[in-house]
Amino acid sequence: MTKKIRHYCFYAFAFLLSACGLKVSYNFSGASTGTATSFQVNFFQNYADQSPGSTIEPGLDRDFTLSLQDLILGLTSLDLTNTNGDLIYEGEITEYRVAPMTATANQTAAQNRLSMTVNVRFYNTTKEDVDFERRFNFFYDFPASQLLESVKSEAHAALFERLTQDIFNASLADW
């Protein structure tokens with residue numbers, strides 16, 4: 001068989017499979033979505049001010065919610081919906097605080113740690129035995145000589161990346 005004929009046979013076979021409705025999907029994220037076709041991420045309210053030592057960061061709730069939506073959209077073929085999703089993520093931000101981590105010889109802070117905790121409830125309407133409620137926490141260390149405002153963008157990017165990846169792994173990774 002010549003190369004050209006094999007090439008045409010391959011495309012004809014692929015066309016026939018797609019015409020028959022056979023859906024083949026490749027997933028390199030390790031996500032196991034089962035029969036789910038959609039997901040929703042409800043707004044993560046910021047209740048950090050109810051935790052001693054925590055502060056409220058304006059817009060943190062919106063930015064975190066969007067970050068989780070973006071990660072799931074990027075790593076799965078699921079459709080984002082506002083209601084009746086097969087997979088539902090909801091929860092709240094329960095902690096957002098800066099605390100000194102290491103001290104100098106003069107007993108001043110040499111390094112600060114920004115930590116964030118998110119409580120997540122996950123529901124899979126197609127497979128209920130995998131539902132959970134769990135807390136996820138991560139931190140970002142920065143020099144005490146810098147103000148949080150000067151590192152906030154970088155800190156939030158690092159926090160959101162790790163927290164959303166941990167949530168994704170807990171809910172959909174099938175390792």
# chains A, B, ... in the order shown; residues from 1 in each chain; ligands from 1

$ residues_around --residues "stretch 81-97 of chain A" --least-positions-apart "2" --cutoff "9 Å" --atoms "only C-alpha atoms" --output "ChimeraX atom specification"
/A:33,35-57,60-61,64,79,99,113-126,133,135,137

$ residues_around --residues "A:Ile72" --least-positions-apart "4" --cutoff "9 Å" --atoms "only C-alpha atoms" --output "PyMOL selection string"
chain A and resi 39+67-68+76-78+80+164+168

$ residues_around --residues "A:Gln146" --least-positions-apart "3" --cutoff "12 Å" --atoms "only C-alpha atoms" --output "JSON, numbers by chain"
{"A": [109, 110, 111, 112, 113, 141, 142, 143, 149, 150, 151, 152]}

$ select_by_dssp --residues "stretch 63-175 of chain A" --states "strand (DSSP E)" --output "PyMOL selection string"
chain A and resi 79-80+87-103+109-124+132-143

$ select_by_dssp --residues "stretch 132-173 of chain A" --states "alpha helix (DSSP H)" --output "count of residues only"
25

$ atom_distance --atom1 "atom CA of A:Phe160" --atom2 "atom CA of A:Gly74"
14.6 Å
